[in-house]
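Asker: Below you'll find upload_11.pdb; it's PDB, N, CA and C atoms.
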```
ATOM      1  N   LEU G 129     192.064 -33.546  63.401  1.00  0.00           N
ATOM      2  CA  LEU G 129     192.750 -32.361  62.929  1.00  0.00           C
ATOM      3  C   LEU G 129     193.678 -31.801  64.011  1.00  0.00           C
ATOM      4  N   LEU G 130     193.197 -31.802  65.257  1.00  0.00           N
ATOM      5  CA  LEU G 130     194.040 -31.308  66.349  1.00  0.00           C
ATOM      6  C   LEU G 130     195.299 -32.147  66.503  1.00  0.00           C
ATOM      7  N   ARG G 131     195.174 -33.468  66.322  1.00  0.00           N
ATOM      8  CA  ARG G 131     196.357 -34.340  66.417  1.00  0.00           C
ATOM      9  C   ARG G 131     197.372 -34.013  65.335  1.00  0.00           C
ATOM     10  N   VAL G 132     196.902 -33.745  64.140  1.00  0.00           N
ATOM     11  CA  VAL G 132     197.796 -33.398  63.027  1.00  0.00           C
ATOM     12  C   VAL G 132     198.530 -32.108  63.344  1.00  0.00           C
ATOM     13  N   TRP G 133     197.802 -31.108  63.800  1.00  0.00           N
ATOM     14  CA  TRP G 133     198.433 -29.828  64.135  1.00  0.00           C
ATOM     15  C   TRP G 133     199.415 -29.980  65.282  1.00  0.00           C
ATOM     16  N   ARG G 134     199.033 -30.751  66.304  1.00  0.00           N
ATOM     17  CA  ARG G 134     199.930 -30.966  67.443  1.00  0.00           C
ATOM     18  C   ARG G 134     201.202 -31.673  66.978  1.00  0.00           C
ATOM     19  N   GLY G 135     201.044 -32.671  66.132  1.00  0.00           N
ATOM     20  CA  GLY G 135     202.194 -33.401  65.608  1.00  0.00           C
ATOM     21  C   GLY G 135     203.126 -32.516  64.804  1.00  0.00           C
ATOM     22  N   ALA G 136     202.568 -31.509  64.162  1.00  0.00           N
ATOM     23  CA  ALA G 136     203.371 -30.581  63.365  1.00  0.00           C
ATOM     24  C   ALA G 136     203.932 -29.446  64.211  1.00  0.00           C
ATOM     25  N   GLY G 137     203.565 -29.403  65.490  1.00  0.00           N
ATOM     26  CA  GLY G 137     204.067 -28.346  66.368  1.00  0.00           C
ATOM     27  C   GLY G 137     203.368 -27.014  66.183  1.00  0.00           C
ATOM     28  N   THR G 138     202.186 -27.032  65.607  1.00  0.00           N
ATOM     29  CA  THR G 138     201.429 -25.812  65.363  1.00  0.00           C
ATOM     30  C   THR G 138     200.731 -25.346  66.641  1.00  0.00           C
ATOM     31  N   ALA G 139     200.868 -24.085  66.961  1.00  0.00           N
ATOM     32  CA  ALA G 139     200.175 -23.517  68.120  1.00  0.00           C
ATOM     33  C   ALA G 139     198.716 -23.267  67.755  1.00  0.00           C
ATOM     34  N   ILE G 140     197.826 -23.552  68.700  1.00  0.00           N
ATOM     35  CA  ILE G 140     196.397 -23.376  68.469  1.00  0.00           C
ATOM     36  C   ILE G 140     195.803 -22.605  69.644  1.00  0.00           C
ATOM     37  N   LEU G 141     195.011 -21.614  69.337  1.00  0.00           N
ATOM     38  CA  LEU G 141     194.244 -20.909  70.365  1.00  0.00           C
ATOM     39  C   LEU G 141     192.818 -21.433  70.277  1.00  0.00           C
ATOM     40  N   LEU G 142     192.384 -22.115  71.312  1.00  0.00           N
ATOM     41  CA  LEU G 142     191.058 -22.722  71.351  1.00  0.00           C
ATOM     42  C   LEU G 142     190.249 -22.033  72.441  1.00  0.00           C
ATOM     43  N   VAL G 143     189.085 -21.555  72.089  1.00  0.00           N
ATOM     44  CA  VAL G 143     188.206 -20.907  73.063  1.00  0.00           C
ATOM     45  C   VAL G 143     186.999 -21.814  73.261  1.00  0.00           C
ATOM     46  N   THR G 144     186.760 -22.246  74.501  1.00  0.00           N
ATOM     47  CA  THR G 144     185.665 -23.165  74.777  1.00  0.00           C
ATOM     48  C   THR G 144     185.173 -23.009  76.210  1.00  0.00           C
ATOM     49  N   HIS G 145     183.940 -23.416  76.436  1.00  0.00           N
ATOM     50  CA  HIS G 145     183.404 -23.515  77.792  1.00  0.00           C
ATOM     51  C   HIS G 145     183.433 -24.962  78.263  1.00  0.00           C
ATOM     52  N   ASP G 146     183.845 -25.880  77.398  1.00  0.00           N
ATOM     53  CA  ASP G 146     183.885 -27.311  77.701  1.00  0.00           C
ATOM     54  C   ASP G 146     185.212 -27.640  78.384  1.00  0.00           C
ATOM     55  N   VAL G 147     185.213 -27.654  79.716  1.00  0.00           N
ATOM     56  CA  VAL G 147     186.465 -27.841  80.454  1.00  0.00           C
ATOM     57  C   VAL G 147     187.042 -29.238  80.286  1.00  0.00           C
ATOM     58  N   GLU G 148     186.195 -30.255  80.095  1.00  0.00           N
ATOM     59  CA  GLU G 148     186.727 -31.600  79.865  1.00  0.00           C
ATOM     60  C   GLU G 148     187.459 -31.660  78.529  1.00  0.00           C
ATOM     61  N   PHE G 149     186.905 -31.025  77.502  1.00  0.00           N
ATOM     62  CA  PHE G 149     187.580 -30.982  76.203  1.00  0.00           C
ATOM     63  C   PHE G 149     188.902 -30.238  76.319  1.00  0.00           C
ATOM     64  N   ALA G 150     188.906 -29.138  77.042  1.00  0.00           N
ATOM     65  CA  ALA G 150     190.153 -28.392  77.252  1.00  0.00           C
ATOM     66  C   ALA G 150     191.179 -29.259  77.967  1.00  0.00           C
ATOM     67  N   ALA G 151     190.742 -30.015  78.983  1.00  0.00           N
ATOM     68  CA  ALA G 151     191.652 -30.903  79.713  1.00  0.00           C
ATOM     69  C   ALA G 151     192.209 -31.983  78.803  1.00  0.00           C
ATOM     70  N   LEU G 152     191.405 -32.427  77.863  1.00  0.00           N
ATOM     71  CA  LEU G 152     191.797 -33.504  76.958  1.00  0.00           C
ATOM     72  C   LEU G 152     192.813 -33.052  75.917  1.00  0.00           C
ATOM     73  N   VAL G 153     192.676 -31.839  75.393  1.00  0.00           N
ATOM     74  CA  VAL G 153     193.505 -31.433  74.252  1.00  0.00           C
ATOM     75  C   VAL G 153     194.546 -30.354  74.545  1.00  0.00           C
ATOM     76  N   ALA G 154     194.417 -29.653  75.652  1.00  0.00           N
ATOM     77  CA  ALA G 154     195.289 -28.491  75.875  1.00  0.00           C
ATOM     78  C   ALA G 154     196.567 -28.844  76.631  1.00  0.00           C
ATOM     79  N   ASP G 155     197.640 -28.152  76.280  1.00  0.00           N
ATOM     80  CA  ASP G 155     198.889 -28.215  77.033  1.00  0.00           C
ATOM     81  C   ASP G 155     198.910 -27.134  78.109  1.00  0.00           C
ATOM     82  N   ARG G 156     198.156 -26.074  77.855  1.00  0.00           N
ATOM     83  CA  ARG G 156     198.094 -24.928  78.760  1.00  0.00           C
ATOM     84  C   ARG G 156     196.666 -24.405  78.760  1.00  0.00           C
ATOM     85  N   VAL G 157     196.184 -24.027  79.929  1.00  0.00           N
ATOM     86  CA  VAL G 157     194.816 -23.526  80.070  1.00  0.00           C
ATOM     87  C   VAL G 157     194.862 -22.149  80.720  1.00  0.00           C
ATOM     88  N   LEU G 158     194.154 -21.215  80.125  1.00  0.00           N
ATOM     89  CA  LEU G 158     193.973 -19.893  80.719  1.00  0.00           C
ATOM     90  C   LEU G 158     192.481 -19.710  80.965  1.00  0.00           C
ATOM     91  N   VAL G 159     192.128 -19.256  82.146  1.00  0.00           N
ATOM     92  CA  VAL G 159     190.727 -19.014  82.482  1.00  0.00           C
ATOM     93  C   VAL G 159     190.548 -17.511  82.623  1.00  0.00           C
ATOM     94  N   LEU G 160     189.583 -16.992  81.865  1.00  0.00           N
ATOM     95  CA  LEU G 160     189.293 -15.567  81.905  1.00  0.00           C
ATOM     96  C   LEU G 160     188.015 -15.330  82.690  1.00  0.00           C
ATOM     97  N   GLY G 161     188.011 -14.281  83.472  1.00  0.00           N
ATOM     98  CA  GLY G 161     186.834 -13.880  84.229  1.00  0.00           C
ATOM     99  C   GLY G 161     186.446 -12.465  83.861  1.00  0.00           C
ATOM    100  N   ARG G 162     185.531 -11.924  84.594  1.00  0.00           N
ATOM    101  CA  ARG G 162     185.032 -10.578  84.326  1.00  0.00           C
ATOM    102  C   ARG G 162     186.148  -9.532  84.324  1.00  0.00           C
ATOM    103  N   ASP G 163     187.104  -9.682  85.226  1.00  0.00           N
ATOM    104  CA  ASP G 163     188.167  -8.688  85.360  1.00  0.00           C
ATOM    105  C   ASP G 163     189.475  -9.091  84.692  1.00  0.00           C
ATOM    106  N   GLY G 164     189.464 -10.144  83.888  1.00  0.00           N
ATOM    107  CA  GLY G 164     190.681 -10.553  83.192  1.00  0.00           C
ATOM    108  C   GLY G 164     191.104 -11.967  83.541  1.00  0.00           C
ATOM    109  N   LEU G 165     192.403 -12.200  83.520  1.00  0.00           N
ATOM    110  CA  LEU G 165     192.966 -13.528  83.726  1.00  0.00           C
ATOM    111  C   LEU G 165     192.768 -13.996  85.167  1.00  0.00           C
ATOM    112  N   VAL G 166     192.164 -15.171  85.325  1.00  0.00           N
ATOM    113  CA  VAL G 166     191.893 -15.739  86.641  1.00  0.00           C
ATOM    114  C   VAL G 166     192.890 -16.847  86.970  1.00  0.00           C
ATOM    115  N   ALA G 167     193.237 -17.662  85.968  1.00  0.00           N
ATOM    116  CA  ALA G 167     194.155 -18.782  86.191  1.00  0.00           C
ATOM    117  C   ALA G 167     194.914 -19.078  84.910  1.00  0.00           C
ATOM    118  N   ASP G 168     196.147 -19.571  85.063  1.00  0.00           N
ATOM    119  CA  ASP G 168     197.014 -19.880  83.928  1.00  0.00           C
ATOM    120  C   ASP G 168     197.940 -21.014  84.338  1.00  0.00           C
ATOM    121  N   GLY G 169     197.949 -22.088  83.560  1.00  0.00           N
ATOM    122  CA  GLY G 169     198.842 -23.199  83.863  1.00  0.00           C
ATOM    123  C   GLY G 169     198.456 -24.452  83.107  1.00  0.00           C
ATOM    124  N   SER G 170     198.984 -25.575  83.544  1.00  0.00           N
ATOM    125  CA  SER G 170     198.656 -26.858  82.924  1.00  0.00           C
ATOM    126  C   SER G 170     197.197 -27.201  83.234  1.00  0.00           C
ATOM    127  N   PRO G 171     196.585 -28.054  82.412  1.00  0.00           N
ATOM    128  CA  PRO G 171     195.214 -28.462  82.721  1.00  0.00           C
ATOM    129  C   PRO G 171     195.086 -29.055  84.125  1.00  0.00           C
ATOM    130  N   GLU G 172     196.083 -29.831  84.533  1.00  0.00           N
ATOM    131  CA  GLU G 172     196.046 -30.448  85.857  1.00  0.00           C
ATOM    132  C   GLU G 172     196.050 -29.397  86.968  1.00  0.00           C
ATOM    133  N   SER G 173     196.907 -28.395  86.822  1.00  0.00           N
ATOM    134  CA  SER G 173     197.012 -27.393  87.888  1.00  0.00           C
ATOM    135  C   SER G 173     195.821 -26.443  87.911  1.00  0.00           C
ATOM    136  N   VAL G 174     195.307 -26.081  86.758  1.00  0.00           N
ATOM    137  CA  VAL G 174     194.198 -25.121  86.707  1.00  0.00           C
ATOM    138  C   VAL G 174     192.852 -25.801  86.946  1.00  0.00           C
ATOM    139  N   LEU G 175     192.607 -26.901  86.247  1.00  0.00           N
ATOM    140  CA  LEU G 175     191.295 -27.541  86.318  1.00  0.00           C
ATOM    141  C   LEU G 175     191.182 -28.548  87.457  1.00  0.00           C
ATOM    142  N   GLY G 176     192.298 -29.130  87.843  1.00  0.00           N
ATOM    143  CA  GLY G 176     192.261 -30.156  88.876  1.00  0.00           C
ATOM    144  C   GLY G 176     192.265 -29.617  90.286  1.00  0.00           C
ATOM    145  N   ASN G 177     192.669 -28.384  90.463  1.00  0.00           N
ATOM    146  CA  ASN G 177     192.799 -27.823  91.809  1.00  0.00           C
ATOM    147  C   ASN G 177     191.742 -26.791  92.161  1.00  0.00           C
ATOM    148  N   SER G 178     190.756 -26.634  91.318  1.00  0.00           N
ATOM    149  CA  SER G 178     189.738 -25.621  91.581  1.00  0.00           C
ATOM    150  C   SER G 178     188.346 -26.206  91.412  1.00  0.00           C
ATOM    151  N   PRO G 179     187.555 -26.246  92.467  1.00  0.00           N
ATOM    152  CA  PRO G 179     186.188 -26.746  92.319  1.00  0.00           C
ATOM    153  C   PRO G 179     185.351 -25.883  91.372  1.00  0.00           C
ATOM    154  N   LEU G 180     185.741 -24.648  91.208  1.00  0.00           N
ATOM    155  CA  LEU G 180     185.008 -23.754  90.322  1.00  0.00           C
ATOM    156  C   LEU G 180     185.210 -24.108  88.852  1.00  0.00           C
ATOM    157  N   PHE G 181     186.428 -24.530  88.478  1.00  0.00           N
ATOM    158  CA  PHE G 181     186.745 -24.805  87.079  1.00  0.00           C
ATOM    159  C   PHE G 181     186.807 -26.290  86.752  1.00  0.00           C
ATOM    160  N   ALA G 182     186.744 -27.152  87.740  1.00  0.00           N
ATOM    161  CA  ALA G 182     186.964 -28.585  87.542  1.00  0.00           C
ATOM    162  C   ALA G 182     185.895 -29.216  86.650  1.00  0.00           C
ATOM    163  N   PRO G 183     186.313 -30.132  85.756  1.00  0.00           N
ATOM    164  CA  PRO G 183     185.341 -30.902  84.980  1.00  0.00           C
ATOM    165  C   PRO G 183     184.516 -31.794  85.910  1.00  0.00           C
ATOM    166  N   GLN G 184     183.400 -32.296  85.423  1.00  0.00           N
ATOM    167  CA  GLN G 184     182.518 -33.128  86.245  1.00  0.00           C
ATOM    168  C   GLN G 184     183.234 -34.352  86.801  1.00  0.00           C
ATOM    169  N   VAL G 185     184.104 -34.967  86.010  1.00  0.00           N
ATOM    170  CA  VAL G 185     184.826 -36.155  86.474  1.00  0.00           C
ATOM    171  C   VAL G 185     185.656 -35.821  87.709  1.00  0.00           C
ATOM    172  N   ALA G 186     186.331 -34.694  87.689  1.00  0.00           N
ATOM    173  CA  ALA G 186     187.151 -34.290  88.836  1.00  0.00           C
ATOM    174  C   ALA G 186     186.280 -33.995  90.057  1.00  0.00           C
ATOM    175  N   ARG G 187     185.081 -33.501  89.831  1.00  0.00           N
ATOM    176  CA  ARG G 187     184.164 -33.229  90.949  1.00  0.00           C
ATOM    177  C   ARG G 187     183.595 -34.522  91.535  1.00  0.00           C
ATOM    178  N   LEU G 188     183.338 -35.498  90.658  1.00  0.00           N
ATOM    179  CA  LEU G 188     182.793 -36.777  91.117  1.00  0.00           C
ATOM    180  C   LEU G 188     183.822 -37.620  91.854  1.00  0.00           C
ATOM    181  N   PHE G 189     185.094 -37.504  91.434  1.00  0.00           N
ATOM    182  CA  PHE G 189     186.169 -38.306  92.014  1.00  0.00           C
ATOM    183  C   PHE G 189     187.302 -37.401  92.489  1.00  0.00           C
ATOM    184  N   PRO G 190     187.062 -36.587  93.503  1.00  0.00           N
ATOM    185  CA  PRO G 190     188.097 -35.644  93.952  1.00  0.00           C
ATOM    186  C   PRO G 190     189.329 -36.364  94.494  1.00  0.00           C
ATOM    187  N   GLY G 191     190.472 -35.760  94.257  1.00  0.00           N
ATOM    188  CA  GLY G 191     191.719 -36.284  94.793  1.00  0.00           C
ATOM    189  C   GLY G 191     192.358 -37.388  93.982  1.00  0.00           C
ATOM    190  N   ARG G 192     191.736 -37.799  92.890  1.00  0.00           N
ATOM    191  CA  ARG G 192     192.306 -38.877  92.079  1.00  0.00           C
ATOM    192  C   ARG G 192     193.102 -38.361  90.887  1.00  0.00           C
ATOM    193  N   GLY G 193     192.997 -37.079  90.593  1.00  0.00           N
ATOM    194  CA  GLY G 193     193.741 -36.512  89.472  1.00  0.00           C
ATOM    195  C   GLY G 193     193.109 -36.764  88.118  1.00  0.00           C
ATOM    196  N   TRP G 194     191.868 -37.227  88.101  1.00  0.00           N
ATOM    197  CA  TRP G 194     191.177 -37.490  86.844  1.00  0.00           C
ATOM    198  C   TRP G 194     190.467 -36.225  86.383  1.00  0.00           C
ATOM    199  N   LEU G 195     190.698 -35.848  85.110  1.00  0.00           N
ATOM    200  CA  LEU G 195     190.039 -34.673  84.551  1.00  0.00           C
ATOM    201  C   LEU G 195     189.041 -35.039  83.460  1.00  0.00           C
ATOM    202  N   THR G 196     189.216 -36.209  82.839  1.00  0.00           N
ATOM    203  CA  THR G 196     188.361 -36.609  81.720  1.00  0.00           C
ATOM    204  C   THR G 196     187.760 -37.983  81.989  1.00  0.00           C
ATOM    205  N   VAL G 197     186.743 -38.334  81.215  1.00  0.00           N
ATOM    206  CA  VAL G 197     186.148 -39.666  81.308  1.00  0.00           C
ATOM    207  C   VAL G 197     187.201 -40.719  80.991  1.00  0.00           C
ATOM    208  N   ALA G 198     188.050 -40.450  80.007  1.00  0.00           N
ATOM    209  CA  ALA G 198     189.124 -41.392  79.657  1.00  0.00           C
ATOM    210  C   ALA G 198     190.057 -41.626  80.845  1.00  0.00           C
ATOM    211  N   ASP G 199     190.370 -40.579  81.587  1.00  0.00           N
ATOM    212  CA  ASP G 199     191.203 -40.727  82.793  1.00  0.00           C
ATOM    213  C   ASP G 199     190.527 -41.666  83.793  1.00  0.00           C
ATOM    214  N   ALA G 200     189.237 -41.467  84.020  1.00  0.00           N
ATOM    215  CA  ALA G 200     188.504 -42.282  84.995  1.00  0.00           C
ATOM    216  C   ALA G 200     188.424 -43.733  84.545  1.00  0.00           C
ATOM    217  N   LEU G 201     188.162 -43.964  83.267  1.00  0.00           N
ATOM    218  CA  LEU G 201     188.083 -45.332  82.763  1.00  0.00           C
ATOM    219  C   LEU G 201     189.427 -46.040  82.856  1.00  0.00           C
ATOM    220  N   ALA G 202     190.493 -45.331  82.578  1.00  0.00           N
ATOM    221  CA  ALA G 202     191.833 -45.929  82.654  1.00  0.00           C
ATOM    222  C   ALA G 202     192.242 -46.190  84.098  1.00  0.00           C
ATOM    223  N   GLY G 203     191.748 -45.388  85.023  1.00  0.00           N
ATOM    224  CA  GLY G 203     192.165 -45.503  86.413  1.00  0.00           C
ATOM    225  C   GLY G 203     191.269 -46.344  87.290  1.00  0.00           C
ATOM    226  N   ARG G 204     190.186 -46.840  86.737  1.00  0.00           N
ATOM    227  CA  ARG G 204     189.227 -47.546  87.593  1.00  0.00           C
ATOM    228  C   ARG G 204     189.697 -48.927  87.989  1.00  0.00           C
ATOM    229  N   GLY G 205     190.614 -49.538  87.199  1.00  0.00           N
ATOM    230  CA  GLY G 205     191.233 -50.836  87.371  1.00  0.00           C
ATOM    231  C   GLY G 205     190.937 -51.509  88.589  1.00  0.00           C
TER     232      GLY G 205
END
```
Output the file's structure in the form of structure tokens.
Answerer:
Amino acid sequence: LLRVWRGAGTAILLVTHDVEFAALVADRVLVLGRDGLVADGSPESVLGNSPLFAPQVARLFPGRGWLTVADALAGRG
């Protein structure tokens, strides 16, 4: 369903705690904290550069730019 909406150019507001899913499907990520907006940008810039927000794959393989399991599998070559 997300692919269909993306293909049609439909904007979607997705709220999740699953950072890997957000990295997989989002064009833009906003992180909210107790006092409001903490981070705003591309999944790579927000999730890849912060140990606090990084998906497990990024924590396991720091510095490789991998945010999802698919990234790691494609890059393991």
Asker: Can you translate the PyMOL selection byres (((chain G and resi 177 and name CA) around 12) and name CA) into the concrete residues it hits in this file, as a short mmCIF file (atom, residue, chain, number, x, y, z; two decimals) with N, CA and C atoms, keeping the file's coordinate frame?
Answerer:
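Listed below is the output, selection-v1.cif:
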```cif
data_model
loop_
_atom_site.label_atom_id
_atom_site.label_comp_id
_atom_site.auth_asym_id
_atom_site.auth_seq_id
_atom_site.Cartn_x
_atom_site.Cartn_y
_atom_site.Cartn_z
N ALA G 167 193.24 -17.66 85.97
CA ALA G 167 194.16 -18.78 86.19
C ALA G 167 194.91 -19.08 84.91
N ASP G 168 196.15 -19.57 85.06
CA ASP G 168 197.01 -19.88 83.93
C ASP G 168 197.94 -21.01 84.34
N GLY G 169 197.95 -22.09 83.56
CA GLY G 169 198.84 -23.20 83.86
C GLY G 169 198.46 -24.45 83.11
N SER G 170 198.98 -25.58 83.54
CA SER G 170 198.66 -26.86 82.92
C SER G 170 197.20 -27.20 83.23
N PRO G 171 196.58 -28.05 82.41
CA PRO G 171 195.21 -28.46 82.72
C PRO G 171 195.09 -29.06 84.12
N GLU G 172 196.08 -29.83 84.53
CA GLU G 172 196.05 -30.45 85.86
C GLU G 172 196.05 -29.40 86.97
N SER G 173 196.91 -28.40 86.82
CA SER G 173 197.01 -27.39 87.89
C SER G 173 195.82 -26.44 87.91
N VAL G 174 195.31 -26.08 86.76
CA VAL G 174 194.20 -25.12 86.71
C VAL G 174 192.85 -25.80 86.95
N LEU G 175 192.61 -26.90 86.25
CA LEU G 175 191.30 -27.54 86.32
C LEU G 175 191.18 -28.55 87.46
N GLY G 176 192.30 -29.13 87.84
CA GLY G 176 192.26 -30.16 88.88
C GLY G 176 192.26 -29.62 90.29
N SER G 178 190.76 -26.63 91.32
CA SER G 178 189.74 -25.62 91.58
C SER G 178 188.35 -26.21 91.41
N PRO G 179 187.56 -26.25 92.47
CA PRO G 179 186.19 -26.75 92.32
C PRO G 179 185.35 -25.88 91.37
N LEU G 180 185.74 -24.65 91.21
CA LEU G 180 185.01 -23.75 90.32
C LEU G 180 185.21 -24.11 88.85
N PHE G 181 186.43 -24.53 88.48
CA PHE G 181 186.74 -24.80 87.08
C PHE G 181 186.81 -26.29 86.75
N ALA G 182 186.74 -27.15 87.74
CA ALA G 182 186.96 -28.58 87.54
C ALA G 182 185.90 -29.22 86.65
N PRO G 183 186.31 -30.13 85.76
CA PRO G 183 185.34 -30.90 84.98
C PRO G 183 184.52 -31.79 85.91
N ALA G 186 186.33 -34.69 87.69
CA ALA G 186 187.15 -34.29 88.84
C ALA G 186 186.28 -33.99 90.06
N ARG G 187 185.08 -33.50 89.83
CA ARG G 187 184.16 -33.23 90.95
C ARG G 187 183.60 -34.52 91.54
N PRO G 190 187.06 -36.59 93.50
CA PRO G 190 188.10 -35.64 93.95
C PRO G 190 189.33 -36.36 94.49
N GLY G 191 190.47 -35.76 94.26
CA GLY G 191 191.72 -36.28 94.79
C GLY G 191 192.36 -37.39 93.98
N ARG G 192 191.74 -37.80 92.89
CA ARG G 192 192.31 -38.88 92.08
C ARG G 192 193.10 -38.36 90.89
N GLY G 193 193.00 -37.08 90.59
CA GLY G 193 193.74 -36.51 89.47
C GLY G 193 193.11 -36.76 88.12
N TRP G 194 191.87 -37.23 88.10
CA TRP G 194 191.18 -37.49 86.84
C TRP G 194 190.47 -36.22 86.38
N LEU G 195 190.70 -35.85 85.11
CA LEU G 195 190.04 -34.67 84.55
C LEU G 195 189.04 -35.04 83.46
#
```
Asker: To one decimal place, how far is atom C of Arg134 of chain G from atom C of Ala202 of chain G in Å?
Answerer: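 Atom C of Arg134 of chain G sits 24.2 Å away from atom C of Ala202 of chain G.
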Asker: Based on the backbone DSSP call, show me all residues of chain G assigned alpha helix (DSSP H), as JSON, numbers by chain.
Answerer: {"G": [130, 131, 132, 133, 134, 135, 147, 148, 149, 150, 151, 152, 153, 171, 172, 173, 174, 175, 184, 185, 186, 187, 188, 197, 198, 199, 200, 201, 202, 203]}
Asker: As an exercise, work out the distance from atom C of Ala198 of chain G to atom C of Ile140 of chain G in Å and give it to one decimal place.
Answerer: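 Separating atom C of Ala198 of chain G from atom C of Ile140 of chain G is a distance of 22.8 Å.
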Asker: Take the PyMOL selection byres (((chain G and resi 145 and name CA) around 12) and name CA), apply it to the structure above, and return the hits as a PDB file with N, CA and C atoms, keeping the file's coordinate frame.
Answerer:
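What follows is the written file result.pdb:
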```pdb
ATOM      1  N   LEU G 142     192.384 -22.115  71.312  1.00  0.00           N
ATOM      2  CA  LEU G 142     191.058 -22.722  71.351  1.00  0.00           C
ATOM      3  C   LEU G 142     190.249 -22.033  72.441  1.00  0.00           C
ATOM      4  N   VAL G 143     189.085 -21.555  72.089  1.00  0.00           N
ATOM      5  CA  VAL G 143     188.206 -20.907  73.063  1.00  0.00           C
ATOM      6  C   VAL G 143     186.999 -21.814  73.261  1.00  0.00           C
ATOM      7  N   THR G 144     186.760 -22.246  74.501  1.00  0.00           N
ATOM      8  CA  THR G 144     185.665 -23.165  74.777  1.00  0.00           C
ATOM      9  C   THR G 144     185.173 -23.009  76.210  1.00  0.00           C
ATOM     10  N   ASP G 146     183.845 -25.880  77.398  1.00  0.00           N
ATOM     11  CA  ASP G 146     183.885 -27.311  77.701  1.00  0.00           C
ATOM     12  C   ASP G 146     185.212 -27.640  78.384  1.00  0.00           C
ATOM     13  N   VAL G 147     185.213 -27.654  79.716  1.00  0.00           N
ATOM     14  CA  VAL G 147     186.465 -27.841  80.454  1.00  0.00           C
ATOM     15  C   VAL G 147     187.042 -29.238  80.286  1.00  0.00           C
ATOM     16  N   GLU G 148     186.195 -30.255  80.095  1.00  0.00           N
ATOM     17  CA  GLU G 148     186.727 -31.600  79.865  1.00  0.00           C
ATOM     18  C   GLU G 148     187.459 -31.660  78.529  1.00  0.00           C
ATOM     19  N   PHE G 149     186.905 -31.025  77.502  1.00  0.00           N
ATOM     20  CA  PHE G 149     187.580 -30.982  76.203  1.00  0.00           C
ATOM     21  C   PHE G 149     188.902 -30.238  76.319  1.00  0.00           C
ATOM     22  N   ALA G 150     188.906 -29.138  77.042  1.00  0.00           N
ATOM     23  CA  ALA G 150     190.153 -28.392  77.252  1.00  0.00           C
ATOM     24  C   ALA G 150     191.179 -29.259  77.967  1.00  0.00           C
ATOM     25  N   ALA G 151     190.742 -30.015  78.983  1.00  0.00           N
ATOM     26  CA  ALA G 151     191.652 -30.903  79.713  1.00  0.00           C
ATOM     27  C   ALA G 151     192.209 -31.983  78.803  1.00  0.00           C
ATOM     28  N   VAL G 157     196.184 -24.027  79.929  1.00  0.00           N
ATOM     29  CA  VAL G 157     194.816 -23.526  80.070  1.00  0.00           C
ATOM     30  C   VAL G 157     194.862 -22.149  80.720  1.00  0.00           C
ATOM     31  N   LEU G 158     194.154 -21.215  80.125  1.00  0.00           N
ATOM     32  CA  LEU G 158     193.973 -19.893  80.719  1.00  0.00           C
ATOM     33  C   LEU G 158     192.481 -19.710  80.965  1.00  0.00           C
ATOM     34  N   VAL G 159     192.128 -19.256  82.146  1.00  0.00           N
ATOM     35  CA  VAL G 159     190.727 -19.014  82.482  1.00  0.00           C
ATOM     36  C   VAL G 159     190.548 -17.511  82.623  1.00  0.00           C
ATOM     37  N   LEU G 160     189.583 -16.992  81.865  1.00  0.00           N
ATOM     38  CA  LEU G 160     189.293 -15.567  81.905  1.00  0.00           C
ATOM     39  C   LEU G 160     188.015 -15.330  82.690  1.00  0.00           C
ATOM     40  N   PHE G 181     186.428 -24.530  88.478  1.00  0.00           N
ATOM     41  CA  PHE G 181     186.745 -24.805  87.079  1.00  0.00           C
ATOM     42  C   PHE G 181     186.807 -26.290  86.752  1.00  0.00           C
ATOM     43  N   ALA G 182     186.744 -27.152  87.740  1.00  0.00           N
ATOM     44  CA  ALA G 182     186.964 -28.585  87.542  1.00  0.00           C
ATOM     45  C   ALA G 182     185.895 -29.216  86.650  1.00  0.00           C
ATOM     46  N   PRO G 183     186.313 -30.132  85.756  1.00  0.00           N
ATOM     47  CA  PRO G 183     185.341 -30.902  84.980  1.00  0.00           C
ATOM     48  C   PRO G 183     184.516 -31.794  85.910  1.00  0.00           C
TER      49      PRO G 183
END
```
Asker: Per DSSP on the backbone, filter chain G down to the residues in strand (DSSP E or B) and report them as a PyMOL selection string.
Answerer: chain G and resi 157-161+164-169
Asker: Could you work out how far atom CA of Val185 of chain G lies from atom N of Leu152 of chain G, giving the answer in Å with one decimal?
Answerer: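 Rounded to one decimal, the two atoms are 11.5 Å apart.
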Asker: For segment 163-180 of chain G, take all atoms listed in the file, fit an axis-aligned box around them, add 3 Å to each of the six sides, then output centre and edge lengths in Å rounded to one decimal, as JSON.
Answerer:
```
{"center_x": 192.0, "center_y": -19.6, "center_z": 87.4, "size_x": 20.0, "size_y": 27.8, "size_z": 16.1}
```
